[in-house]
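Peer 1: My structure is stored as model_19.txt, with compact mmCIF, N, CA and C atoms.
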```txt
# COMPACT_ATOMS: atom_id res chain seq x y z
N MET A 1 -2.36 -8.80 -5.51
CA MET A 1 -2.98 -7.94 -4.49
C MET A 1 -3.77 -6.83 -5.18
N ASN A 2 -4.97 -6.61 -4.72
CA ASN A 2 -5.82 -5.57 -5.28
C ASN A 2 -5.40 -4.22 -4.69
N THR A 3 -4.99 -3.29 -5.54
CA THR A 3 -4.46 -2.02 -5.03
C THR A 3 -5.50 -0.92 -4.91
N ASP A 4 -6.76 -1.20 -5.20
CA ASP A 4 -7.76 -0.14 -5.07
C ASP A 4 -8.76 -0.41 -3.96
N VAL A 5 -8.45 -1.36 -3.08
CA VAL A 5 -9.38 -1.70 -2.00
C VAL A 5 -8.61 -1.94 -0.69
N VAL A 6 -9.22 -1.49 0.39
CA VAL A 6 -8.72 -1.76 1.74
C VAL A 6 -9.72 -2.70 2.39
N THR A 7 -9.24 -3.76 3.02
CA THR A 7 -10.13 -4.66 3.74
C THR A 7 -9.62 -4.84 5.17
N LEU A 8 -10.56 -4.93 6.08
CA LEU A 8 -10.28 -5.17 7.49
C LEU A 8 -11.31 -6.16 8.02
N GLU A 9 -10.89 -7.01 8.94
CA GLU A 9 -11.80 -7.89 9.66
C GLU A 9 -11.50 -7.78 11.14
N ARG A 10 -12.56 -7.72 11.94
CA ARG A 10 -12.40 -7.67 13.40
C ARG A 10 -13.49 -8.51 14.05
N HIS A 11 -13.09 -9.32 15.02
CA HIS A 11 -14.06 -10.02 15.86
C HIS A 11 -14.42 -9.09 17.00
N ILE A 12 -15.72 -8.97 17.27
CA ILE A 12 -16.21 -8.06 18.30
C ILE A 12 -17.08 -8.85 19.26
N ALA A 13 -16.82 -8.70 20.54
CA ALA A 13 -17.60 -9.40 21.57
C ALA A 13 -18.88 -8.62 21.85
N ALA A 14 -19.72 -8.53 20.83
CA ALA A 14 -21.03 -7.86 20.93
C ALA A 14 -21.88 -8.39 19.79
N ARG A 15 -23.17 -8.35 19.99
CA ARG A 15 -24.11 -8.85 18.97
C ARG A 15 -24.13 -7.91 17.76
N PRO A 16 -24.46 -8.44 16.57
CA PRO A 16 -24.53 -7.58 15.38
C PRO A 16 -25.44 -6.37 15.56
N GLU A 17 -26.56 -6.54 16.28
CA GLU A 17 -27.47 -5.42 16.50
C GLU A 17 -26.77 -4.28 17.23
N THR A 18 -25.94 -4.63 18.21
CA THR A 18 -25.19 -3.62 18.97
C THR A 18 -24.17 -2.94 18.06
N VAL A 19 -23.42 -3.73 17.32
CA VAL A 19 -22.39 -3.16 16.43
C VAL A 19 -23.05 -2.29 15.37
N PHE A 20 -24.15 -2.76 14.78
CA PHE A 20 -24.83 -2.00 13.74
C PHE A 20 -25.27 -0.63 14.25
N SER A 21 -25.67 -0.56 15.51
CA SER A 21 -26.14 0.72 16.05
C SER A 21 -25.06 1.80 15.99
N PHE A 22 -23.80 1.42 15.98
CA PHE A 22 -22.71 2.39 15.89
C PHE A 22 -22.52 2.93 14.47
N PHE A 23 -23.24 2.35 13.51
CA PHE A 23 -23.27 2.86 12.14
C PHE A 23 -24.61 3.51 11.80
N ALA A 24 -25.58 3.43 12.70
CA ALA A 24 -26.93 3.88 12.37
C ALA A 24 -27.52 4.90 13.33
N GLU A 25 -26.74 5.32 14.33
CA GLU A 25 -27.19 6.34 15.28
C GLU A 25 -26.10 7.39 15.39
N SER A 26 -26.47 8.64 15.18
CA SER A 26 -25.50 9.74 15.13
C SER A 26 -24.59 9.80 16.35
N ASP A 27 -25.17 9.78 17.55
CA ASP A 27 -24.36 9.90 18.76
C ASP A 27 -23.37 8.75 18.88
N LYS A 28 -23.81 7.56 18.53
CA LYS A 28 -22.91 6.41 18.62
C LYS A 28 -21.82 6.48 17.55
N TRP A 29 -22.16 6.90 16.31
CA TRP A 29 -21.14 7.04 15.28
C TRP A 29 -20.08 8.03 15.75
N LEU A 30 -20.52 9.18 16.26
CA LEU A 30 -19.58 10.22 16.67
C LEU A 30 -18.79 9.85 17.92
N ALA A 31 -19.20 8.82 18.64
CA ALA A 31 -18.40 8.35 19.77
C ALA A 31 -17.10 7.72 19.28
N TRP A 32 -17.16 7.03 18.13
CA TRP A 32 -15.95 6.34 17.64
C TRP A 32 -15.25 7.09 16.52
N MET A 33 -15.96 7.95 15.79
CA MET A 33 -15.33 8.69 14.69
C MET A 33 -15.96 10.06 14.55
N GLY A 34 -15.14 11.09 14.71
CA GLY A 34 -15.59 12.43 14.40
C GLY A 34 -15.88 13.30 15.60
N LYS A 35 -15.81 14.61 15.34
CA LYS A 35 -16.12 15.61 16.36
C LYS A 35 -17.59 15.98 16.30
N ASP A 36 -18.11 16.11 15.10
CA ASP A 36 -19.53 16.40 14.91
C ASP A 36 -19.91 15.97 13.51
N GLY A 37 -21.20 15.89 13.28
CA GLY A 37 -21.65 15.44 11.97
C GLY A 37 -23.16 15.47 11.84
N GLU A 38 -23.59 15.31 10.61
CA GLU A 38 -25.01 15.22 10.28
C GLU A 38 -25.20 13.97 9.45
N PHE A 39 -26.25 13.22 9.77
CA PHE A 39 -26.50 11.93 9.12
C PHE A 39 -27.97 11.81 8.76
N ALA A 40 -28.25 11.31 7.57
CA ALA A 40 -29.60 10.92 7.16
C ALA A 40 -29.53 9.42 6.89
N PHE A 41 -29.79 8.63 7.92
CA PHE A 41 -29.62 7.18 7.85
C PHE A 41 -30.76 6.53 7.08
N GLU A 42 -30.69 6.62 5.75
CA GLU A 42 -31.64 5.98 4.85
C GLU A 42 -30.96 5.87 3.49
N PRO A 43 -31.35 4.89 2.68
CA PRO A 43 -30.73 4.78 1.35
C PRO A 43 -30.87 6.10 0.59
N GLY A 44 -29.76 6.61 0.08
CA GLY A 44 -29.73 7.90 -0.60
C GLY A 44 -29.48 9.07 0.32
N GLY A 45 -29.57 8.83 1.63
CA GLY A 45 -29.36 9.90 2.61
C GLY A 45 -27.90 10.31 2.68
N ALA A 46 -27.69 11.58 2.92
CA ALA A 46 -26.34 12.13 2.97
C ALA A 46 -25.80 12.15 4.39
N TYR A 47 -24.48 12.20 4.49
CA TYR A 47 -23.83 12.44 5.77
C TYR A 47 -22.66 13.39 5.55
N ARG A 48 -22.27 14.05 6.61
CA ARG A 48 -21.11 14.95 6.62
C ARG A 48 -20.52 14.87 8.02
N ILE A 49 -19.24 14.50 8.12
CA ILE A 49 -18.58 14.30 9.41
C ILE A 49 -17.30 15.11 9.47
N SER A 50 -17.16 15.91 10.51
CA SER A 50 -15.88 16.55 10.81
C SER A 50 -15.07 15.50 11.56
N VAL A 51 -14.18 14.82 10.83
CA VAL A 51 -13.49 13.66 11.39
C VAL A 51 -12.35 14.08 12.30
N ARG A 52 -11.44 14.89 11.77
CA ARG A 52 -10.29 15.34 12.57
C ARG A 52 -9.75 16.62 11.98
N GLY A 53 -9.36 17.54 12.84
CA GLY A 53 -8.83 18.80 12.36
C GLY A 53 -9.77 19.44 11.36
N ASP A 54 -9.23 19.76 10.20
CA ASP A 54 -10.03 20.36 9.14
C ASP A 54 -10.54 19.33 8.14
N ASN A 55 -10.40 18.06 8.44
CA ASN A 55 -10.78 17.01 7.51
C ASN A 55 -12.25 16.65 7.68
N VAL A 56 -13.01 16.90 6.63
CA VAL A 56 -14.45 16.65 6.65
C VAL A 56 -14.78 15.62 5.57
N ALA A 57 -15.41 14.52 5.98
CA ALA A 57 -15.81 13.47 5.06
C ALA A 57 -17.28 13.65 4.71
N GLU A 58 -17.62 13.33 3.46
CA GLU A 58 -19.00 13.37 2.99
C GLU A 58 -19.30 12.15 2.15
N GLY A 59 -20.58 11.80 2.12
CA GLY A 59 -21.02 10.71 1.25
C GLY A 59 -22.51 10.50 1.38
N ARG A 60 -22.93 9.39 0.80
CA ARG A 60 -24.35 9.00 0.83
C ARG A 60 -24.46 7.53 1.19
N PHE A 61 -25.51 7.22 1.91
CA PHE A 61 -25.79 5.83 2.23
C PHE A 61 -26.42 5.17 1.01
N ILE A 62 -25.89 4.04 0.62
CA ILE A 62 -26.39 3.31 -0.54
C ILE A 62 -27.34 2.20 -0.10
N GLU A 63 -26.92 1.45 0.90
CA GLU A 63 -27.70 0.31 1.38
C GLU A 63 -27.62 0.27 2.90
N ILE A 64 -28.78 0.06 3.52
CA ILE A 64 -28.85 -0.10 4.97
C ILE A 64 -29.74 -1.31 5.23
N ASP A 65 -29.13 -2.38 5.74
CA ASP A 65 -29.83 -3.64 5.97
C ASP A 65 -29.53 -4.11 7.39
N PRO A 66 -30.26 -3.54 8.38
CA PRO A 66 -29.96 -3.87 9.77
C PRO A 66 -30.27 -5.34 10.10
N PRO A 67 -29.47 -5.99 10.90
CA PRO A 67 -28.19 -5.56 11.45
C PRO A 67 -26.99 -6.14 10.69
N ASP A 68 -27.19 -6.45 9.40
CA ASP A 68 -26.20 -7.22 8.66
C ASP A 68 -25.23 -6.41 7.79
N ARG A 69 -25.70 -5.27 7.27
CA ARG A 69 -24.90 -4.63 6.23
C ARG A 69 -25.24 -3.15 6.11
N ILE A 70 -24.20 -2.36 5.84
CA ILE A 70 -24.39 -0.95 5.51
C ILE A 70 -23.33 -0.59 4.47
N VAL A 71 -23.75 0.14 3.45
CA VAL A 71 -22.86 0.54 2.36
C VAL A 71 -23.03 2.04 2.16
N PHE A 72 -21.90 2.75 2.03
CA PHE A 72 -21.96 4.19 1.83
C PHE A 72 -20.78 4.65 0.98
N THR A 73 -20.99 5.77 0.27
CA THR A 73 -19.88 6.38 -0.44
C THR A 73 -19.05 7.16 0.56
N TRP A 74 -17.78 7.42 0.18
CA TRP A 74 -16.86 8.07 1.12
C TRP A 74 -15.92 8.98 0.34
N GLY A 75 -15.59 10.10 0.92
CA GLY A 75 -14.57 10.98 0.36
C GLY A 75 -14.40 12.19 1.25
N TRP A 76 -13.31 12.93 0.98
CA TRP A 76 -12.97 14.10 1.79
C TRP A 76 -13.42 15.37 1.10
N ALA A 77 -14.35 16.09 1.72
CA ALA A 77 -14.87 17.34 1.17
C ALA A 77 -13.97 18.51 1.54
N GLU A 78 -13.30 18.42 2.68
CA GLU A 78 -12.42 19.48 3.16
C GLU A 78 -11.18 18.85 3.77
N GLY A 79 -10.07 19.56 3.67
CA GLY A 79 -8.83 19.09 4.25
C GLY A 79 -7.77 18.74 3.23
N GLY A 80 -8.15 18.74 1.94
CA GLY A 80 -7.17 18.55 0.89
C GLY A 80 -6.65 17.14 0.70
N MET A 81 -7.36 16.13 1.23
CA MET A 81 -6.91 14.75 1.07
C MET A 81 -7.76 14.03 0.03
N PRO A 82 -7.16 13.11 -0.73
CA PRO A 82 -7.97 12.25 -1.59
C PRO A 82 -8.56 11.14 -0.73
N PRO A 83 -9.59 10.49 -1.15
CA PRO A 83 -10.37 10.68 -2.38
C PRO A 83 -11.46 11.74 -2.19
N PRO A 84 -11.97 12.30 -3.30
CA PRO A 84 -13.06 13.27 -3.19
C PRO A 84 -14.39 12.59 -2.83
N PRO A 85 -15.36 13.37 -2.31
CA PRO A 85 -16.65 12.81 -1.91
C PRO A 85 -17.31 12.02 -3.04
N GLY A 86 -17.91 10.89 -2.66
CA GLY A 86 -18.67 10.09 -3.60
C GLY A 86 -17.85 9.22 -4.53
N SER A 87 -16.52 9.29 -4.45
CA SER A 87 -15.69 8.58 -5.42
C SER A 87 -15.31 7.17 -4.98
N THR A 88 -15.53 6.83 -3.72
CA THR A 88 -15.22 5.49 -3.24
C THR A 88 -16.42 4.95 -2.46
N THR A 89 -16.40 3.64 -2.22
CA THR A 89 -17.51 2.99 -1.52
C THR A 89 -16.98 2.15 -0.38
N VAL A 90 -17.64 2.27 0.78
CA VAL A 90 -17.31 1.47 1.95
C VAL A 90 -18.46 0.50 2.21
N GLU A 91 -18.11 -0.79 2.31
CA GLU A 91 -19.09 -1.82 2.63
C GLU A 91 -18.74 -2.40 3.99
N ILE A 92 -19.73 -2.43 4.87
CA ILE A 92 -19.57 -3.03 6.20
C ILE A 92 -20.52 -4.21 6.26
N ALA A 93 -19.98 -5.41 6.50
CA ALA A 93 -20.79 -6.61 6.69
C ALA A 93 -20.59 -7.08 8.11
N LEU A 94 -21.69 -7.44 8.77
CA LEU A 94 -21.66 -7.91 10.15
C LEU A 94 -22.24 -9.32 10.19
N GLU A 95 -21.42 -10.27 10.61
CA GLU A 95 -21.84 -11.67 10.66
C GLU A 95 -21.84 -12.16 12.10
N ARG A 96 -22.97 -12.73 12.52
CA ARG A 96 -23.06 -13.27 13.88
C ARG A 96 -22.14 -14.49 13.97
N VAL A 97 -21.30 -14.49 14.99
CA VAL A 97 -20.41 -15.62 15.28
C VAL A 97 -20.57 -15.91 16.76
N GLY A 98 -21.34 -16.95 17.08
CA GLY A 98 -21.65 -17.23 18.48
C GLY A 98 -22.40 -16.05 19.08
N GLU A 99 -21.90 -15.53 20.20
CA GLU A 99 -22.51 -14.36 20.83
C GLU A 99 -21.88 -13.06 20.34
N GLY A 100 -20.94 -13.16 19.40
CA GLY A 100 -20.24 -11.98 18.91
C GLY A 100 -20.52 -11.71 17.45
N THR A 101 -19.66 -10.87 16.87
CA THR A 101 -19.82 -10.41 15.50
C THR A 101 -18.47 -10.40 14.81
N LEU A 102 -18.47 -10.83 13.55
CA LEU A 102 -17.32 -10.64 12.68
C LEU A 102 -17.65 -9.45 11.80
N LEU A 103 -16.89 -8.36 11.96
CA LEU A 103 -17.05 -7.17 11.13
C LEU A 103 -16.08 -7.29 9.96
N ARG A 104 -16.61 -7.12 8.75
CA ARG A 104 -15.78 -7.08 7.56
C ARG A 104 -15.99 -5.73 6.89
N LEU A 105 -14.91 -4.99 6.70
CA LEU A 105 -14.95 -3.70 6.05
C LEU A 105 -14.20 -3.81 4.73
N ALA A 106 -14.79 -3.31 3.66
CA ALA A 106 -14.11 -3.22 2.36
C ALA A 106 -14.32 -1.81 1.82
N HIS A 107 -13.23 -1.09 1.61
CA HIS A 107 -13.27 0.27 1.06
C HIS A 107 -12.76 0.18 -0.38
N HIS A 108 -13.68 0.33 -1.33
CA HIS A 108 -13.40 0.12 -2.76
C HIS A 108 -13.19 1.44 -3.49
N GLY A 109 -12.42 1.37 -4.59
CA GLY A 109 -12.30 2.49 -5.51
C GLY A 109 -11.19 3.46 -5.20
N LEU A 110 -10.25 3.07 -4.37
CA LEU A 110 -9.14 3.96 -4.04
C LEU A 110 -8.18 4.05 -5.23
N SER A 111 -7.59 5.21 -5.42
CA SER A 111 -6.89 5.52 -6.67
C SER A 111 -5.42 5.12 -6.72
N SER A 112 -4.83 4.79 -5.57
CA SER A 112 -3.39 4.51 -5.58
C SER A 112 -3.01 3.72 -4.34
N PRO A 113 -1.82 3.11 -4.36
CA PRO A 113 -1.34 2.44 -3.14
C PRO A 113 -1.23 3.41 -1.96
N GLU A 114 -0.88 4.67 -2.22
CA GLU A 114 -0.78 5.66 -1.16
C GLU A 114 -2.15 5.95 -0.55
N ALA A 115 -3.17 6.06 -1.40
CA ALA A 115 -4.53 6.28 -0.91
C ALA A 115 -4.99 5.07 -0.08
N CYS A 116 -4.66 3.87 -0.55
CA CYS A 116 -5.01 2.67 0.21
C CYS A 116 -4.33 2.68 1.58
N ALA A 117 -3.06 3.03 1.61
CA ALA A 117 -2.33 3.05 2.88
C ALA A 117 -2.94 4.05 3.85
N ALA A 118 -3.28 5.23 3.35
CA ALA A 118 -3.87 6.26 4.22
C ALA A 118 -5.22 5.82 4.75
N GLN A 119 -6.06 5.24 3.88
CA GLN A 119 -7.38 4.81 4.33
C GLN A 119 -7.26 3.61 5.27
N ALA A 120 -6.33 2.70 5.01
CA ALA A 120 -6.13 1.55 5.90
C ALA A 120 -5.73 2.02 7.29
N GLU A 121 -4.84 3.01 7.37
CA GLU A 121 -4.43 3.55 8.66
C GLU A 121 -5.63 4.17 9.38
N GLY A 122 -6.43 4.94 8.65
CA GLY A 122 -7.60 5.57 9.25
C GLY A 122 -8.63 4.57 9.72
N TRP A 123 -8.99 3.61 8.85
CA TRP A 123 -10.00 2.62 9.25
C TRP A 123 -9.51 1.76 10.42
N THR A 124 -8.23 1.40 10.43
CA THR A 124 -7.70 0.61 11.54
C THR A 124 -7.85 1.38 12.85
N HIS A 125 -7.50 2.65 12.82
CA HIS A 125 -7.62 3.50 14.02
C HIS A 125 -9.08 3.59 14.48
N TYR A 126 -9.99 3.90 13.56
CA TYR A 126 -11.37 4.13 13.97
C TYR A 126 -12.13 2.84 14.27
N ILE A 127 -11.85 1.76 13.56
CA ILE A 127 -12.53 0.50 13.89
C ILE A 127 -12.07 0.01 15.26
N ARG A 128 -10.82 0.24 15.63
CA ARG A 128 -10.35 -0.10 16.97
C ARG A 128 -11.19 0.64 18.02
N ARG A 129 -11.50 1.91 17.77
CA ARG A 129 -12.32 2.69 18.69
C ARG A 129 -13.76 2.15 18.72
N LEU A 130 -14.31 1.81 17.55
CA LEU A 130 -15.67 1.25 17.49
C LEU A 130 -15.75 -0.04 18.28
N VAL A 131 -14.75 -0.92 18.13
CA VAL A 131 -14.75 -2.20 18.86
C VAL A 131 -14.80 -1.94 20.36
N ALA A 132 -13.99 -1.02 20.85
CA ALA A 132 -13.98 -0.73 22.28
C ALA A 132 -15.36 -0.30 22.77
N TRP A 133 -16.00 0.62 22.04
CA TRP A 133 -17.34 1.08 22.43
C TRP A 133 -18.35 -0.05 22.36
N ALA A 134 -18.35 -0.81 21.26
CA ALA A 134 -19.35 -1.87 21.08
C ALA A 134 -19.23 -2.95 22.14
N GLU A 135 -18.01 -3.17 22.63
CA GLU A 135 -17.79 -4.19 23.66
C GLU A 135 -18.03 -3.64 25.07
N GLY A 136 -18.53 -2.40 25.15
CA GLY A 136 -18.89 -1.82 26.44
C GLY A 136 -17.77 -1.06 27.12
N GLY A 137 -16.68 -0.84 26.40
CA GLY A 137 -15.56 -0.09 26.95
C GLY A 137 -15.60 1.36 26.54
N ASP A 138 -14.53 2.04 26.81
CA ASP A 138 -14.38 3.44 26.45
C ASP A 138 -12.93 3.64 25.98
N PRO A 139 -12.73 3.90 24.69
CA PRO A 139 -11.36 4.05 24.19
C PRO A 139 -10.72 5.36 24.60
N GLY A 140 -11.46 6.22 25.29
CA GLY A 140 -10.94 7.52 25.69
C GLY A 140 -11.02 8.51 24.55
N ALA A 141 -10.46 9.67 24.79
CA ALA A 141 -10.49 10.73 23.77
C ALA A 141 -9.71 10.28 22.54
N ASP A 142 -10.20 10.67 21.39
CA ASP A 142 -9.53 10.34 20.14
C ASP A 142 -8.30 11.23 19.99
N ASP A 143 -7.13 10.64 20.03
CA ASP A 143 -5.91 11.43 19.94
C ASP A 143 -5.63 11.96 18.54
N TRP A 144 -6.48 11.62 17.58
CA TRP A 144 -6.35 12.16 16.21
C TRP A 144 -7.16 13.44 16.03
N VAL A 145 -8.08 13.74 16.96
CA VAL A 145 -8.95 14.90 16.78
C VAL A 145 -8.22 16.16 17.20
```
What do you get writing this file as structure tokens?
Peer 2:
Amino acid sequence: MNTDVVTLERHIAARPETVFSFFAESDKWLAWMGKDGEFAFEPGGAYRISVRGDNVAEGRFIEIDPPDRIVFTWGWAEGGMPPPPGSTTVEIALERVGEGTLLRLAHHGLSSPEACAAQAEGWTHYIRRLVAWAEGGDPGADDWV
């Protein structure tokens, strides 16, 4: 088992273009993750998201290939949690499956099994919210905020 990566897969009853928009439009991103944030959706562009409480994530977009793939660095700038900004990489791949999408998330470069567990818990929570929005639902208020 690889201890420095978290992987998740989810089938989503929405087209890849719809799912991709939740990674490429500020309002849609903040619907599923975060209270507020700033995004420069272009390769090399920075983002900063107030995710929950005092926890602020920062990173840069590395690759944006609509509607198939988005890659960005990830880390916590505020809140005292590892990993630090820019030290890990998140890859999102979206594959058309019939009328839906298979989302594959891989979060690389985590420093310990504990860091993997924390990030897996976070991504599971937030991807569940993204799936609800992308499928036309409303997951309600984020109980982590």
Peer 1: Tell me, as a list in words, which residues lie within 6.5 Å of Pro43 in chain A, counting only N, CA and C atoms; anything in the same chain fewer than 5 positions away does not count.
Peer 2: Phe61, Ile62, Glu63 and Ile64 of chain A
Peer 1: Using Å and a single decimal, report how far atom N of Gly140 in chain A sits from CA of Val71 in chain A.
Peer 2: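 Computing it gives 26.2 Å between the two atoms.
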Peer 1: Name the residues, using the chain letters and numbers of the file, that sit within 7 Å of (-14.8, 11.9, 2.2) when counting all atoms listed in the file, and give them as a ChimeraX atom specification.
Peer 2: /A:56-59,73-78,82-86
Peer 1: Which residues in chain A does DSSP call strand (DSSP E or B)? List them as an MDAnalysis selection string.
Peer 2: chainID A and resid 5:12 36:39 46:52 55:65 69:74 76:78 88:97 100:108
Peer 1: Compare A:Val19, A:Leu8, A:Ile127, A:Ile70 by their minimum atom-to-atom distance to Met33 in chain A, counting all atoms listed in the file, and give me the closest one.
Peer 2: A:Ile127
Peer 1: Any idea what's packed within 9 Å of Val6 in chain A, counting only C-alpha atoms, ignoring anything in its chain fewer than 3 positions away? Could you give it as a PyMOL selection string?
Peer 2: chain A and resi 2-3+105-108+110+116-117+119-120+123
Peer 1: As an exercise, work out the distance from atom N of Ala46 in chain A to atom N of Met81 in chain A in Å and give it to one decimal place.
Peer 2: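 If I compute the distance from atom N of Ala46 in chain A to atom N of Met81 in chain A, I get 20.9 Å.
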Peer 1: Which is closer to Arg129 in chain A than all the others in A:Trp32, A:Leu94, A:Gly37, A:Asp68, using only N, CA and C atoms?
Peer 2: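 Using only N, CA and C atoms, Arg129 in chain A sits closest to A:Trp32.
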Peer 1: From the set A:Gly98, A:Pro67, A:Arg60, A:Lys35, which residue has the shortest atom-to-atom contact distance to Ser21 in chain A, counting only N, CA and C atoms?
Peer 2: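 Ranked by minimum distance to Ser21 in chain A, first place goes to A:Pro67.
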Peer 1: Interatomic distance between CA of Asp27 in chain A and CA of Leu130 in chain A?
Peer 2: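 The value is 12.3 Å.
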Peer 1: Skipping near chain neighbours, those fewer than 2 positions away, what residues fall within 12 Å of Arg96 in chain A using only C-alpha atoms, listed as a list in words?
Peer 2: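 Contacts, with the query itself left out: His11, Ile12, Ala13, Ala14, Arg15, Pro16, Glu17, Thr18, Val19, Phe20, Pro67, Asp68, Arg69, Ala93, Leu94, Gly98, Glu99, Gly100, Thr101, Leu102, Leu103 and Arg104 of chain A.
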Peer 1: Would you return as a ChimeraX atom specification the members of chain A that DSSP assigns to helix (DSSP H, G or I) on this structure's backbone?
Peer 2: /A:16-24,26-32,113-134
Peer 1: Since we have the selection now, will you write its residues out, keeping N, CA and C atoms, as a tab-separated table (two decimals), in the frame of the given file?
Peer 2:
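What ended up in selection.tsv:
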```tsv
chain	number	residue	atom	x	y	z
A	16	PRO	N	-24.46	-8.44	16.57
A	16	PRO	CA	-24.53	-7.58	15.38
A	16	PRO	C	-25.44	-6.37	15.56
A	17	GLU	N	-26.56	-6.54	16.28
A	17	GLU	CA	-27.47	-5.42	16.50
A	17	GLU	C	-26.77	-4.28	17.23
A	18	THR	N	-25.94	-4.63	18.21
A	18	THR	CA	-25.19	-3.62	18.97
A	18	THR	C	-24.17	-2.94	18.06
A	19	VAL	N	-23.42	-3.73	17.32
A	19	VAL	CA	-22.39	-3.16	16.43
A	19	VAL	C	-23.05	-2.29	15.37
A	20	PHE	N	-24.15	-2.76	14.78
A	20	PHE	CA	-24.83	-2.00	13.74
A	20	PHE	C	-25.27	-0.63	14.25
A	21	SER	N	-25.67	-0.56	15.51
A	21	SER	CA	-26.14	0.72	16.05
A	21	SER	C	-25.06	1.80	15.99
A	22	PHE	N	-23.80	1.42	15.98
A	22	PHE	CA	-22.71	2.39	15.89
A	22	PHE	C	-22.52	2.93	14.47
A	23	PHE	N	-23.24	2.35	13.51
A	23	PHE	CA	-23.27	2.86	12.14
A	23	PHE	C	-24.61	3.51	11.80
A	24	ALA	N	-25.58	3.43	12.70
A	24	ALA	CA	-26.93	3.88	12.37
A	24	ALA	C	-27.52	4.90	13.33
A	26	SER	N	-26.47	8.64	15.18
A	26	SER	CA	-25.50	9.74	15.13
A	26	SER	C	-24.59	9.80	16.35
A	27	ASP	N	-25.17	9.78	17.55
A	27	ASP	CA	-24.36	9.90	18.76
A	27	ASP	C	-23.37	8.75	18.88
A	28	LYS	N	-23.81	7.56	18.53
A	28	LYS	CA	-22.91	6.41	18.62
A	28	LYS	C	-21.82	6.48	17.55
A	29	TRP	N	-22.16	6.90	16.31
A	29	TRP	CA	-21.14	7.04	15.28
A	29	TRP	C	-20.08	8.03	15.75
A	30	LEU	N	-20.52	9.18	16.26
A	30	LEU	CA	-19.58	10.22	16.67
A	30	LEU	C	-18.79	9.85	17.92
A	31	ALA	N	-19.20	8.82	18.64
A	31	ALA	CA	-18.40	8.35	19.77
A	31	ALA	C	-17.10	7.72	19.28
A	32	TRP	N	-17.16	7.03	18.13
A	32	TRP	CA	-15.95	6.34	17.64
A	32	TRP	C	-15.25	7.09	16.52
A	113	PRO	N	-1.82	3.11	-4.36
A	113	PRO	CA	-1.34	2.44	-3.14
A	113	PRO	C	-1.23	3.41	-1.96
A	114	GLU	N	-0.88	4.67	-2.22
A	114	GLU	CA	-0.78	5.66	-1.16
A	114	GLU	C	-2.15	5.95	-0.55
A	115	ALA	N	-3.17	6.06	-1.40
A	115	ALA	CA	-4.53	6.28	-0.91
A	115	ALA	C	-4.99	5.07	-0.08
A	116	CYS	N	-4.66	3.87	-0.55
A	116	CYS	CA	-5.01	2.67	0.21
A	116	CYS	C	-4.33	2.68	1.58
A	117	ALA	N	-3.06	3.03	1.61
A	117	ALA	CA	-2.33	3.05	2.88
A	117	ALA	C	-2.94	4.05	3.85
A	118	ALA	N	-3.28	5.23	3.35
A	118	ALA	CA	-3.87	6.26	4.22
A	118	ALA	C	-5.22	5.82	4.75
A	119	GLN	N	-6.06	5.24	3.88
A	119	GLN	CA	-7.38	4.81	4.33
A	119	GLN	C	-7.26	3.61	5.27
A	120	ALA	N	-6.33	2.70	5.01
A	120	ALA	CA	-6.13	1.55	5.90
A	120	ALA	C	-5.73	2.02	7.29
A	121	GLU	N	-4.84	3.01	7.37
A	121	GLU	CA	-4.43	3.55	8.66
A	121	GLU	C	-5.63	4.17	9.38
A	122	GLY	N	-6.43	4.94	8.65
A	122	GLY	CA	-7.60	5.57	9.25
A	122	GLY	C	-8.63	4.57	9.72
A	123	TRP	N	-8.99	3.61	8.85
A	123	TRP	CA	-10.00	2.62	9.25
A	123	TRP	C	-9.51	1.76	10.42
A	124	THR	N	-8.23	1.40	10.43
A	124	THR	CA	-7.70	0.61	11.54
A	124	THR	C	-7.85	1.38	12.85
A	125	HIS	N	-7.50	2.65	12.82
A	125	HIS	CA	-7.62	3.50	14.02
A	125	HIS	C	-9.08	3.59	14.48
A	126	TYR	N	-9.99	3.90	13.56
A	126	TYR	CA	-11.37	4.13	13.97
A	126	TYR	C	-12.13	2.84	14.27
A	127	ILE	N	-11.85	1.76	13.56
A	127	ILE	CA	-12.53	0.50	13.89
A	127	ILE	C	-12.07	0.01	15.26
A	128	ARG	N	-10.82	0.24	15.63
A	128	ARG	CA	-10.35	-0.10	16.97
A	128	ARG	C	-11.19	0.64	18.02
A	129	ARG	N	-11.50	1.91	17.77
A	129	ARG	CA	-12.32	2.69	18.69
A	129	ARG	C	-13.76	2.15	18.72
A	130	LEU	N	-14.31	1.81	17.55
A	130	LEU	CA	-15.67	1.25	17.49
A	130	LEU	C	-15.75	-0.04	18.28
A	131	VAL	N	-14.75	-0.92	18.13
A	131	VAL	CA	-14.75	-2.20	18.86
A	131	VAL	C	-14.80	-1.94	20.36
A	132	ALA	N	-13.99	-1.02	20.85
A	132	ALA	CA	-13.98	-0.73	22.28
A	132	ALA	C	-15.36	-0.30	22.77
A	133	TRP	N	-16.00	0.62	22.04
A	133	TRP	CA	-17.34	1.08	22.43
A	133	TRP	C	-18.35	-0.05	22.36
A	134	ALA	N	-18.35	-0.81	21.26
A	134	ALA	CA	-19.35	-1.87	21.08
A	134	ALA	C	-19.23	-2.95	22.14
```
Peer 1: Measuring atom to atom with all atoms listed in the file, identify which of A:Asp54, A:Glu95, A:Asp65, A:Glu38 is nearest to Val145 in chain A.
Peer 2: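 Of the candidates, the smallest distance to Val145 in chain A is held by A:Asp54.
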